[in-house]
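Enquirer: Following this line is target.tsv, made up of TSV, C-alpha atoms:
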chain	number	residue	atom	x	y	z
O	1	MET	CA	11.38	-4.08	-8.98
O	2	TYR	CA	13.01	-2.45	-5.95
O	3	LYS	CA	14.17	-5.74	-4.45
O	4	SER	CA	17.56	-5.51	-6.13
O	5	GLN	CA	18.19	-2.05	-4.66
O	6	ALA	CA	16.44	-1.44	-1.34
O	7	TRP	CA	16.42	-5.12	-0.39
O	8	GLY	CA	20.04	-5.47	-1.49
O	9	ARG	CA	21.03	-2.65	0.87
O	10	ALA	CA	19.13	-4.30	3.72
O	11	VAL	CA	20.93	-7.61	3.13
O	12	GLU	CA	24.22	-5.71	3.34
O	13	GLY	CA	23.24	-4.37	6.76
O	14	ARG	CA	22.09	-0.93	5.62
O	15	SER	CA	18.63	-0.32	7.06
O	16	THR	CA	16.47	1.23	4.37
O	17	VAL	CA	12.92	2.37	3.66
O	18	ALA	CA	10.85	1.80	0.51
O	19	LEU	CA	7.80	4.01	-0.05
O	20	VAL	CA	5.30	2.42	-2.46
O	21	THR	CA	2.67	4.91	-3.54
O	22	GLY	CA	-0.22	5.09	-5.97
O	23	GLU	CA	-3.98	5.41	-6.23
O	24	PRO	CA	-6.41	2.69	-5.06
O	25	GLY	CA	-6.24	-0.47	-7.18
O	26	ILE	CA	-2.97	0.44	-8.87
O	27	GLY	CA	-1.18	-2.68	-7.57
O	28	LYS	CA	0.77	-1.58	-4.47
O	29	THR	CA	-0.19	-4.56	-2.32
O	30	ARG	CA	0.25	-7.03	-5.19
O	31	LEU	CA	3.73	-5.71	-5.99
O	32	VAL	CA	4.84	-5.95	-2.36
O	33	ALA	CA	3.38	-9.47	-2.05
O	34	GLU	CA	5.34	-10.62	-5.10
O	35	VAL	CA	8.56	-9.22	-3.65
O	36	ALA	CA	7.80	-10.75	-0.23
O	37	GLU	CA	7.53	-14.20	-1.83
O	38	GLU	CA	10.98	-13.75	-3.36
O	39	VAL	CA	12.41	-12.58	-0.03
O	40	VAL	CA	11.06	-15.64	1.80
O	41	SER	CA	12.26	-18.02	-0.91
O	42	GLY	CA	15.72	-16.46	-0.54
O	43	GLY	CA	15.85	-17.15	3.20
O	44	GLY	CA	14.66	-13.77	4.43
O	45	ILE	CA	11.96	-13.04	7.01
O	46	VAL	CA	8.80	-11.13	6.09
O	47	VAL	CA	6.27	-9.80	8.61
O	48	ALA	CA	3.38	-7.52	7.78
O	49	GLY	CA	0.70	-5.32	9.28
O	50	ARG	CA	-1.74	-2.74	8.06
O	51	CYS	CA	-3.56	0.39	9.11
O	52	ASP	CA	-7.34	0.44	8.93
O	53	GLU	CA	-9.69	3.28	8.11
O	54	HIS	CA	-12.34	2.09	10.56
O	55	VAL	CA	-10.40	0.23	13.29
O	56	ARG	CA	-8.23	3.02	14.70
O	57	VAL	CA	-5.99	1.01	17.05
O	58	PRO	CA	-2.67	2.65	18.05
O	59	ASN	CA	0.31	0.78	16.59
O	60	ARG	CA	-1.98	-1.70	14.87
O	61	PRO	CA	0.50	-2.57	12.06
O	62	PHE	CA	3.12	-3.53	14.67
O	63	ILE	CA	0.55	-5.61	16.56
O	64	ASP	CA	-0.33	-7.41	13.32
O	65	ALA	CA	3.34	-7.90	12.39
O	66	LEU	CA	4.30	-9.25	15.82
O	67	ARG	CA	1.37	-11.68	15.84
O	68	HIS	CA	2.34	-12.70	12.31
O	69	GLN	CA	5.89	-13.42	13.44
O	70	LEU	CA	4.76	-15.47	16.44
O	71	GLU	CA	2.53	-17.54	14.13
O	72	ILE	CA	5.28	-18.38	11.64
O	73	THR	CA	8.15	-18.84	14.12
O	74	PRO	CA	8.79	-21.81	16.47
O	75	PRO	CA	8.76	-20.70	20.17
O	76	ASP	CA	12.52	-21.18	20.71
O	77	ALA	CA	13.38	-19.11	17.64
O	78	ALA	CA	10.71	-16.53	18.50
O	79	ARG	CA	12.29	-16.01	21.92
O	80	GLU	CA	15.60	-15.10	20.30
O	81	ARG	CA	13.91	-12.67	17.93
O	82	LEU	CA	11.94	-10.64	20.48
O	83	GLY	CA	14.86	-8.54	21.63
O	84	PRO	CA	16.14	-7.36	25.02
O	85	LEU	CA	12.86	-5.72	26.06
O	86	ALA	CA	10.62	-8.62	25.07
O	87	GLY	CA	8.51	-8.30	28.22
O	88	GLU	CA	7.36	-4.86	27.15
O	89	LEU	CA	5.92	-6.32	23.94
O	90	ARG	CA	3.16	-7.99	25.95
O	91	ARG	CA	1.52	-4.58	26.04
O	92	LEU	CA	1.04	-4.91	22.30
O	93	VAL	CA	0.44	-8.67	22.02
O	94	PRO	CA	-0.42	-10.66	25.18
O	95	GLU	CA	0.62	-13.90	23.45
O	96	VAL	CA	4.25	-12.81	23.87
O	97	ALA	CA	4.01	-13.98	27.49
O	98	GLY	CA	3.87	-17.57	26.24
O	99	VAL	CA	7.31	-17.42	24.61
O	100	VAL	CA	9.24	-14.77	26.49
O	101	ASP	CA	12.16	-15.96	28.63
O	102	PRO	CA	11.41	-15.21	32.32
O	103	ALA	CA	14.98	-13.94	32.65
O	104	ASN	CA	14.16	-11.43	29.96
O	105	GLU	CA	11.28	-9.88	31.90
O	106	THR	CA	11.50	-6.15	32.49
O	107	THR	CA	10.77	-4.33	35.70
O	108	ARG	CA	7.64	-2.18	35.47
O	109	ALA	CA	8.81	1.28	34.50
O	110	ASP	CA	7.61	4.63	35.73
O	111	PRO	CA	4.29	5.34	33.95
O	112	ALA	CA	5.81	8.51	32.49
O	113	THR	CA	8.52	6.51	30.71
O	114	GLU	CA	6.41	3.52	29.64
O	115	PRO	CA	5.79	4.88	26.11
O	116	VAL	CA	9.53	5.22	25.53
O	117	HIS	CA	10.15	1.66	26.78
O	118	LEU	CA	7.51	0.37	24.35
O	119	LEU	CA	9.15	2.22	21.45
O	120	ASP	CA	12.52	0.74	22.40
O	121	ALA	CA	10.96	-2.72	22.71
O	122	VAL	CA	9.50	-2.56	19.19
O	123	ALA	CA	12.79	-1.35	17.71
O	124	GLY	CA	14.69	-3.99	19.71
O	125	TRP	CA	12.41	-6.75	18.47
O	126	LEU	CA	12.92	-5.82	14.81
O	127	ALA	CA	16.67	-5.33	15.21
O	128	ALA	CA	16.97	-8.73	16.93
O	129	THR	CA	14.94	-10.40	14.18
O	130	ALA	CA	17.15	-8.82	11.54
O	131	THR	CA	20.23	-10.31	13.20
O	132	GLN	CA	18.78	-13.78	12.53
O	133	ALA	CA	18.09	-13.11	8.84
O	134	PRO	CA	17.50	-10.14	6.55
O	135	THR	CA	14.01	-8.91	7.45
O	136	MET	CA	11.28	-7.14	5.52
O	137	LEU	CA	8.55	-5.36	7.51
O	138	VAL	CA	5.54	-4.31	5.43
O	139	ILE	CA	3.07	-1.69	6.66
O	140	ASP	CA	0.13	-1.35	4.30
O	141	ASP	CA	-2.27	1.62	3.93
O	142	LEU	CA	-0.14	4.01	5.96
O	143	HIS	CA	-2.39	6.94	5.02
O	144	TRP	CA	-4.80	5.58	7.68
O	145	ALA	CA	-2.17	5.38	10.45
O	146	THR	CA	-3.09	6.69	13.89
O	147	THR	CA	-1.08	9.50	15.45
O	148	ALA	CA	0.56	6.94	17.77
O	149	THR	CA	1.76	4.75	14.90
O	150	LEU	CA	3.87	7.30	13.01
O	151	PRO	CA	6.26	8.05	15.92
O	152	THR	CA	6.81	4.31	16.34
O	153	ILE	CA	7.80	4.00	12.69
O	154	ARG	CA	10.19	6.92	13.02
O	155	HIS	CA	11.72	5.41	16.16
O	156	VAL	CA	12.19	2.04	14.47
O	157	VAL	CA	13.97	3.64	11.52
O	158	GLU	CA	16.21	5.66	13.83
O	159	ARG	CA	17.09	2.78	16.16
O	160	THR	CA	17.61	0.05	13.55
O	161	ALA	CA	20.21	1.91	11.50
O	162	GLY	CA	22.86	-0.54	10.35
O	163	SER	CA	20.59	-3.58	10.68
O	164	ARG	CA	19.38	-5.87	7.92
O	165	LEU	CA	15.88	-4.40	7.93
O	166	LEU	CA	13.85	-3.19	4.97
O	167	LEU	CA	10.76	-1.21	5.97
O	168	VAL	CA	8.16	-1.12	3.17
O	169	LEU	CA	5.43	1.49	3.56
O	170	THR	CA	2.49	1.62	1.15
O	171	TYR	CA	0.10	4.54	0.99
O	172	ARG	CA	-2.12	6.55	-1.31
O	173	GLU	CA	-0.68	9.91	-2.19
O	174	THR	CA	-4.18	11.00	-3.17
O	175	GLU	CA	-5.08	10.85	0.55
O	176	ILE	CA	-2.14	12.99	1.67
O	177	ASP	CA	-1.82	16.76	1.67
O	178	ARG	CA	0.75	19.05	3.26
O	179	SER	CA	-1.15	19.14	6.55
O	180	HIS	CA	-1.27	15.35	6.91
O	181	PRO	CA	1.14	14.05	9.63
O	182	LEU	CA	2.46	11.45	7.20
O	183	ALA	CA	3.79	14.18	4.88
O	184	ALA	CA	6.08	15.48	7.63
O	185	MET	CA	7.21	11.98	8.59
O	186	VAL	CA	8.10	11.06	5.00
O	187	SER	CA	10.27	14.16	4.83
O	188	ASP	CA	11.91	13.19	8.11
O	189	LEU	CA	12.61	9.64	6.94
O	190	HIS	CA	14.85	10.96	4.17
O	191	ARG	CA	17.08	12.42	6.88
O	192	LEU	CA	17.19	9.26	8.99
O	193	SER	CA	17.68	6.53	6.40
O	194	GLU	CA	18.15	5.64	2.76
O	195	VAL	CA	14.71	6.05	1.23
O	196	GLU	CA	13.52	4.76	-2.11
O	197	ARG	CA	10.18	5.90	-3.53
O	198	ILE	CA	8.29	3.71	-5.98
O	199	GLY	CA	5.35	5.56	-7.53
O	200	LEU	CA	3.00	3.24	-9.43
O	201	ASP	CA	1.06	4.51	-12.43
O	202	GLY	CA	-1.62	2.90	-14.58
O	203	LEU	CA	-0.81	0.48	-17.37
O	204	ASP	CA	-0.13	2.00	-20.77
O	205	PRO	CA	-2.13	0.82	-23.85
O	206	THR	CA	0.43	-1.85	-24.75
O	207	GLU	CA	0.43	-3.20	-21.19
O	208	VAL	CA	-3.39	-3.36	-21.21
O	209	GLU	CA	-3.15	-5.49	-24.35
O	210	GLU	CA	-0.69	-7.77	-22.55
O	211	PHE	CA	-3.09	-7.91	-19.57
O	212	LEU	CA	-5.86	-9.19	-21.86
O	213	GLU	CA	-3.55	-11.61	-23.68
O	214	ARG	CA	-2.55	-13.20	-20.38
O	215	ALA	CA	-6.18	-13.36	-19.26
O	216	ALA	CA	-7.13	-15.14	-22.50
O	217	ASP	CA	-3.83	-17.01	-22.81
O	218	ALA	CA	-3.72	-16.05	-26.49
O	219	GLU	CA	-2.73	-13.20	-28.75
O	220	LEU	CA	-5.34	-10.50	-29.37
O	221	ASP	CA	-7.02	-10.11	-32.73
O	222	GLU	CA	-8.28	-6.78	-34.08
O	223	SER	CA	-11.42	-6.76	-31.94
O	224	GLY	CA	-9.36	-7.68	-28.88
O	225	ARG	CA	-7.00	-4.78	-29.46
O	226	ALA	CA	-10.00	-2.48	-29.85
O	227	LEU	CA	-11.32	-3.77	-26.52
O	228	ALA	CA	-7.93	-3.12	-24.89
O	229	ALA	CA	-7.92	0.45	-26.21
O	230	ALA	CA	-11.45	1.02	-24.90
O	231	LEU	CA	-10.54	-0.39	-21.49
O	232	HIS	CA	-7.47	1.82	-21.27
O	233	ASN	CA	-9.55	4.85	-22.19
O	234	GLN	CA	-12.19	4.08	-19.56
O	235	THR	CA	-9.88	3.06	-16.70
O	236	ALA	CA	-6.67	5.08	-17.27
O	237	GLY	CA	-4.86	1.75	-17.01
O	238	ASN	CA	-5.81	1.05	-13.37
O	239	PRO	CA	-5.37	-2.76	-13.01
O	240	LEU	CA	-8.17	-3.13	-10.45
O	241	PHE	CA	-10.59	-1.21	-12.65
O	242	ILE	CA	-9.56	-3.17	-15.75
O	243	GLY	CA	-10.18	-6.45	-13.94
O	244	GLU	CA	-13.56	-5.29	-12.61
O	245	VAL	CA	-14.71	-4.01	-16.02
O	246	LEU	CA	-13.54	-7.19	-17.76
O	247	ARG	CA	-15.35	-9.36	-15.21
O	248	HIS	CA	-18.48	-7.24	-15.64
O	249	LEU	CA	-18.39	-7.56	-19.44
O	250	ILE	CA	-17.96	-11.35	-19.22
O	251	GLU	CA	-20.77	-11.76	-16.69
O	252	THR	CA	-23.16	-9.67	-18.79
O	253	GLY	CA	-22.22	-11.54	-21.96
O	254	LYS	CA	-20.97	-8.43	-23.74
O	255	ILE	CA	-17.71	-10.20	-24.53
O	256	VAL	CA	-17.02	-13.91	-24.91
O	257	ARG	CA	-13.91	-15.98	-25.25
O	258	GLU	CA	-13.84	-18.20	-28.30
O	259	ALA	CA	-10.88	-20.44	-29.12
O	260	GLY	CA	-8.90	-18.62	-26.45
O	261	ARG	CA	-9.62	-15.15	-27.89
O	262	TRP	CA	-11.84	-12.32	-26.69
O	263	THR	CA	-14.60	-11.71	-29.21
O	264	SER	CA	-17.07	-8.84	-29.09
O	265	ASP	CA	-18.92	-6.34	-31.22
O	266	LEU	CA	-19.09	-4.08	-28.15
O	267	ASP	CA	-19.37	-0.35	-28.68
O	268	VAL	CA	-17.09	1.70	-26.42
O	269	ASP	CA	-20.10	3.55	-24.97
O	270	GLU	CA	-21.54	0.21	-23.80
O	271	ILE	CA	-18.72	-0.63	-21.41
O	272	GLY	CA	-20.26	1.06	-18.37
O	273	ILE	CA	-18.94	1.19	-14.83
O	274	PRO	CA	-19.40	-1.86	-12.54
O	275	ASP	CA	-20.69	-1.37	-8.98
O	276	GLY	CA	-17.29	-2.33	-7.54
O	277	ILE	CA	-15.62	0.58	-9.27
O	278	ARG	CA	-18.46	2.93	-8.38
O	279	GLY	CA	-17.85	2.07	-4.72
O	280	VAL	CA	-14.13	2.89	-4.92
O	281	ILE	CA	-14.76	6.15	-6.75
O	282	GLY	CA	-17.58	7.03	-4.36
O	283	GLN	CA	-15.27	6.64	-1.37
O	284	ARG	CA	-12.77	9.03	-2.92
O	285	LEU	CA	-15.46	11.58	-3.81
O	286	SER	CA	-16.92	11.50	-0.30
O	287	ALA	CA	-13.66	12.93	1.07
O	288	LEU	CA	-13.91	16.01	-1.15
O	289	SER	CA	-15.48	19.34	-0.23
O	290	SER	CA	-18.85	20.28	-1.70
O	291	ASN	CA	-17.20	23.02	-3.77
O	292	THR	CA	-14.70	20.54	-5.25
O	293	GLU	CA	-17.47	18.08	-6.07
O	294	SER	CA	-19.39	20.86	-7.84
O	295	VAL	CA	-16.35	21.79	-9.92
O	296	LEU	CA	-15.67	18.15	-10.85
O	297	SER	CA	-19.30	17.56	-11.81
O	298	THR	CA	-19.16	20.47	-14.24
O	299	ALA	CA	-15.72	19.46	-15.53
O	300	ALA	CA	-16.96	15.92	-16.20
O	301	ILE	CA	-19.37	17.34	-18.77
O	302	VAL	CA	-16.53	19.14	-20.56
O	303	GLY	CA	-14.23	16.10	-20.75
O	304	HIS	CA	-10.98	14.67	-19.41
O	305	GLU	CA	-9.08	17.89	-20.15
O	306	PHE	CA	-10.46	21.43	-19.95
O	307	PRO	CA	-9.30	25.05	-19.75
O	308	VAL	CA	-9.83	26.47	-16.27
O	309	GLU	CA	-11.23	29.70	-17.71
O	310	SER	CA	-13.90	27.79	-19.63
O	311	LEU	CA	-14.89	25.95	-16.49
O	312	ARG	CA	-15.05	29.23	-14.53
O	313	ALA	CA	-17.34	30.73	-17.15
O	314	LEU	CA	-19.65	27.69	-17.14
O	315	MET	CA	-19.97	27.80	-13.36
O	316	GLY	CA	-20.21	31.56	-13.02
O	317	ALA	CA	-17.55	31.29	-10.33
O	318	THR	CA	-14.30	33.09	-9.59
O	319	ILE	CA	-11.00	31.67	-10.76
O	320	ASP	CA	-9.94	31.12	-7.14
O	321	GLN	CA	-13.04	29.02	-6.47
O	322	VAL	CA	-12.31	26.86	-9.51
Let's see the structure in the file written out as structure tokens.

Expert:
Amino acid sequence: MYKSQAWGRAVEGRSTVALVTGEPGIGKTRLVAEVAEEVVSGGGIVVAGRCDEHVRVPNRPFIDALRHQLEITPPDAARERLGPLAGELRRLVPEVAGVVDPANETTRADPATEPVHLLDAVAGWLAATATQAPTMLVIDDLHWATTATLPTIRHVVERTAGSRLLLVLTYRETEIDRSHPLAAMVSDLHRLSEVERIGLDGLDPTEVEEFLERAADAELDESGRALAAALHNQTAGNPLFIGEVLRHLIETGKIVREAGRWTSDLDVDEIGIPDGIRGVIGQRLSALSSNTESVLSTAAIVGHEFPVESLRALMGATIDQV
């Protein structure tokens, strides 16, 4: 979707950033993977890394991406793509020592300046790679980035201006508020580079029907369209949730596929919520305050939409608390 714009600018030598946002399961990683396949088939280079909620390693996405590049690149080509400060990259990935040119070794810097040298080394590596071919660097789940990772991203964007580099950052906006460090960095990126934001929403009712038609490899009949409407109502069009619910209904025998069509006399109230979806929702609820959980629990009884004043009256709370 954004390949023709952000990627096109990168190919032209205009370093750019693409922000891919959306709730869990909405398709951020899948979209980026599809684009990455097109980039590789067109002769571009794709390297990727991710941030992790539980493994809080500084600069982990760059460690992953550098290891990824070493795995997919012959040693001679890898040496050319590591940049002028390749020796410094050993601090991120020890395997760099096996391909770095001894003449490209750096003298050990003053400890006070070592962090700056590492930042320059990372930016130099990506700039050098982008001189070989247009390059796409993907950093997934940026909302879990450590405080050391965000300055590295900013430095890369600043120092690779004019290179054939597309930096793709995926994150959940539901995890970000104004106090989150990522919010400030995103604002800063708009000043440093051309930034394109791709916000992903759930599938609409027609797209849910298409989802089911592709799954069954056949057009939907009346009962199939009713199932699609029920799925959209229950999942708000979230592709991950739709897939989980559909798998659950098949496994429990509540729907069957006959002659390539979904057939069911399922009542909407029988759909239920599979354990996989409960886990995702539970993780999101666990990050909320007890007051917010209380408000949501009451609101859930009222329905998807509700007047705030009615909710306040039900809870016996103040409007500010609600």

Enquirer: Using only C-alpha atoms, which residues sit within 9 Å of stretch 205-216 of chain O once same-chain residues fewer than 2 positions away are excluded, as a list in words?

Expert: Leu203, Ala218, Glu219, Leu220, Gly224, Arg225, Leu227, Ala228, Ala229, Leu231, His232, Asn233, Gly237, Pro239, Ile242, Leu246, Arg257, Gly260, Arg261 and Trp262 of chain O

Enquirer: For atom CA of O:Thr146 and atom CA of O:Glu53, quote the distance in Å rounded to one decimal.

Expert: 9.4 Å

Enquirer: To one decimal place in Å, what is the distance between atom CA of O:Leu31 and atom CA of O:Leu200?

Expert: 9.6 Å

Enquirer: Near stretch 78-89 of chain O, counting all atoms listed in the file, which residues have an atom at most 8 Å away, once you skip same-chain residues fewer than 6 positions from it, shown as number ranges by chain?

Expert: O: 69-70, 96-97, 99-101, 104-106, 117-118, 120-122, 124-129, 132

Enquirer: Mind pulling up the distance from atom CA of O:Thr292 to atom CA of O:His54?

Expert: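 Here the two named atoms are 24.4 Å from each other.
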